[in-house]
Structures are given as structure tokens and as C-alpha cells.
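First up is the structure itself, then whatever we jot down about it.
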Amino acid sequence: MNPAQSAATSQPLLSIRALRYTWSGDAMPVINGLELDVEAGQRVFLAGASGSGKSTLLALIGGLLAPDSGSIHFAGTDLGALSGSARDRFRADHLGVIFQQFNLMPWLSAVANVRLGCQFSRQRRHHAGDAERAAHELLSAMGLAEDRWNRRADELSVGQQQRVAAARALIGQPDLVLADEPTSALDVDHRDTFVDLLFEQARRAGSAILFVSHDRSLAPRFDMTRELGEINAGSMA
Ligand code: ADP
Ligand code: MG
């Protein structure tokens, strides 16, 4: 391996530098000089109080918002240098997202919701193989009873919807799963079970996890913890 190749393979999966974002109408940036690295396969816990900018950061990483300044590199690609459509494709290929409110399609079945996770990415469809079967395997692994698989998402309990949302994020082996306080609606037992299952499936898929939450009691289970207030001057305002 030549030095250039070895440098390329040793770079972090996600590398954020001097990131800044200000919501329109706000005087102060909510993300202000943020720096963060995530390695391939690493499980990172990002702690921050409510309103500190966790969801804003995930939207920036997902390319749903464009930063005022700073950079986000993903597997060596500068997201800021991509056109809008290239960024959408990049997101579909590389990121799985578990939203705080899950954002399932209420009228679609659990299986159809999971399949959506690879619908917009040829790469993830390729990894998934038979998407129907991959969805079944993930739902089973996440502990959703088989008699729920073809139920509409809006007929599932919060805990069941959360398993569907995780399976959707994991299908097709994305490089990184972004999880936005996915356990906030769960009691402690369900929360711990969910995190165990999420970790196991992410490990099998080779996916890194960036998990944001105000609930610091989860932190010891992760490979690395970062405080938003320490990596981001904006959240101290
Ligand atoms: P967290 O996820 O840590 O609770 P958010 O990223 O949702 O925090 O919000 C951080 C700050 O950004 C808050 O002050 C919030 O009011 C503001 N904010 C979030 N979303 C929007 C939006 N869509 N428009 C304007 N301001 C927003
Ligand atoms: Mg939030």
C-alpha cells in the first residue's frame, strides 16, 4: 500500500471541522465551531440539553441543512462540494436515520416502511439483496413479532414503531446510522433492550452509530461520548 492509500484508509468516516449554522431570525449560531470525528463502526454518544442543537447537527450531517461555514467530510467526500441531487444520493447510499418521532409512513406496512430505507439507493438495494427478506430479517432481529409485519405503521405501538424505524435505518448496511433521541418515549427496560438490539444489528451491518440524547445514563454503553457543550461554542449561549 502506498502512503497516499494508507492516508486515505486511516481517515475518519465522518470528520466535521469549524461547523457553523445559524437559524434565520436568530442572532447567534446554534452550531458554532463544532468539531467531531466518527470512525468506521464506532458507536458515539453525543449528549446535549434540550434545545442545544442536536437535531440541527444531525440535519447538517444528513445534508438537509447547509452550514454557514465549516466542513463535513464523509469517507473523504466533502459534502459541501456536492450538488443538491448528488447530496441526496450520497445520503441515501451512506446514512440511515432514526428520527425522534420515527417519521414512518403511517399508511404503509412495517415491512414497506423498512424497504423504504433502501428504495433510493442502488448501493443499499444491492447490499440488502432480496429487500423483502432483508426487511423480515431485520424486523425479526429487532424483536417485532411476525404478526405485526404487515400491519400499518399507525396501528403499531410506540415501541414497535421504534423497532421499524431502526430496521429502516439499518437496511442495506449504511456506513453511519444517525439516531435522534430514539429512546425518549420508552421506559428504561425497553430502552436498554432497544439499544442492545440496535448495537447488535449495527455491528452486523458494519455501521457506525451517532446517537444524540439528553439522557446521559446511556453514555457508558458507547465507545465514545462527546458533550455538545464542549465541542460547540454555540450551545453554551
Ligand atoms: P435539540 O435537538 O438539541 O433539542 P434543536 O437542534 O432542535 O435542539 O434546536 C436548537 C435550536 O435551534 C433551538 O433554539 C431551536 O429553537 C432552534 N431551531 C430548531 N429547529 C428550528 C427551525 N426549524 N427553525 C428555527 N429555529 C429552529
Ligand atoms: Mg432534537
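By order of appearance in the C-alpha cells: chains A, B, ..., then residues from 1 within every chain, and ligands from 1 in the order shown.
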
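Environment of ligand 1, defined as every protein or nucleic acid residue with an atom within 7 Å of it and counting only C-alpha atoms and all ligand atoms, comprises Trp23, Ser24, Val30, Gly48, Ala49, Ser50, Gly51, Ser52, Gly53, Lys54, Ser55, Thr56 and Leu57 of chain A.
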
* Would you kindly return, as a PyMOL selection string, each protein, DNA or RNA residue with an atom no farther than 12 Å from any atom of Leu108 of chain A, considering only C-alpha atoms and excluding same-chain residues fewer than 5 positions away? => chain A and resi 103+113-116+149-156+161+164

Would you put the residues from that selection into a file with N, CA and C atoms, as a PDB file, in the first residue's frame?
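Below is the file result_26.pdb, written as the result:
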ATOM      1  N   ASN A 103     -41.007   9.176  12.043  1.00  0.00           N
ATOM      2  CA  ASN A 103     -41.342   9.567  10.662  1.00  0.00           C
ATOM      3  C   ASN A 103     -41.639   8.375   9.757  1.00  0.00           C
ATOM      4  N   ASN A 113     -42.328   0.070   5.160  1.00  0.00           N
ATOM      5  CA  ASN A 113     -41.542   1.169   5.733  1.00  0.00           C
ATOM      6  C   ASN A 113     -40.056   0.815   5.791  1.00  0.00           C
ATOM      7  N   VAL A 114     -39.755  -0.416   6.174  1.00  0.00           N
ATOM      8  CA  VAL A 114     -38.342  -0.821   6.245  1.00  0.00           C
ATOM      9  C   VAL A 114     -37.724  -0.802   4.845  1.00  0.00           C
ATOM     10  N   ARG A 115     -38.478  -1.296   3.859  1.00  0.00           N
ATOM     11  CA  ARG A 115     -37.950  -1.331   2.491  1.00  0.00           C
ATOM     12  C   ARG A 115     -37.656   0.062   1.945  1.00  0.00           C
ATOM     13  N   LEU A 116     -38.395   1.058   2.440  1.00  0.00           N
ATOM     14  CA  LEU A 116     -38.130   2.438   2.006  1.00  0.00           C
ATOM     15  C   LEU A 116     -36.684   2.846   2.266  1.00  0.00           C
ATOM     16  N   TRP A 149     -45.829  -7.543  11.114  1.00  0.00           N
ATOM     17  CA  TRP A 149     -45.027  -7.109   9.971  1.00  0.00           C
ATOM     18  C   TRP A 149     -45.847  -6.472   8.857  1.00  0.00           C
ATOM     19  N   ASN A 150     -47.092  -6.964   8.690  1.00  0.00           N
ATOM     20  CA  ASN A 150     -47.906  -6.414   7.607  1.00  0.00           C
ATOM     21  C   ASN A 150     -49.002  -5.481   8.106  1.00  0.00           C
ATOM     22  N   ARG A 151     -48.860  -5.066   9.371  1.00  0.00           N
ATOM     23  CA  ARG A 151     -49.800  -4.063   9.902  1.00  0.00           C
ATOM     24  C   ARG A 151     -49.355  -2.675   9.485  1.00  0.00           C
ATOM     25  N   ARG A 152     -50.324  -1.772   9.332  1.00  0.00           N
ATOM     26  CA  ARG A 152     -49.981  -0.375   9.047  1.00  0.00           C
ATOM     27  C   ARG A 152     -49.154   0.180  10.206  1.00  0.00           C
ATOM     28  N   ALA A 153     -48.241   1.073   9.878  1.00  0.00           N
ATOM     29  CA  ALA A 153     -47.374   1.648  10.916  1.00  0.00           C
ATOM     30  C   ALA A 153     -48.182   2.361  11.991  1.00  0.00           C
ATOM     31  N   ASP A 154     -49.309   3.002  11.582  1.00  0.00           N
ATOM     32  CA  ASP A 154     -50.074   3.747  12.594  1.00  0.00           C
ATOM     33  C   ASP A 154     -50.916   2.824  13.471  1.00  0.00           C
ATOM     34  N   GLU A 155     -50.847   1.519  13.227  1.00  0.00           N
ATOM     35  CA  GLU A 155     -51.508   0.570  14.129  1.00  0.00           C
ATOM     36  C   GLU A 155     -50.515  -0.068  15.105  1.00  0.00           C
ATOM     37  N   LEU A 156     -49.271   0.402  15.092  1.00  0.00           N
ATOM     38  CA  LEU A 156     -48.249  -0.162  15.972  1.00  0.00           C
ATOM     39  C   LEU A 156     -48.043   0.727  17.191  1.00  0.00           C
ATOM     40  N   GLN A 161     -43.083   0.850  16.652  1.00  0.00           N
ATOM     41  CA  GLN A 161     -42.695   1.796  15.586  1.00  0.00           C
ATOM     42  C   GLN A 161     -41.200   2.079  15.640  1.00  0.00           C
ATOM     43  N   VAL A 164     -39.317  -0.607  13.956  1.00  0.00           N
ATOM     44  CA  VAL A 164     -39.444  -0.469  12.498  1.00  0.00           C
ATOM     45  C   VAL A 164     -38.506   0.637  11.996  1.00  0.00           C
TER      46      VAL A 164
END

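Closest approach to Gln119 of chain A from the set A:Ala167, A:His136, A:Ala219, A:Gly172 is made by A:Gly172, with distances taken over only C-alpha atoms.
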
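The space between atom CA of Ala208 of chain A and atom CA of Leu58 of chain A spans 14.2 Å.
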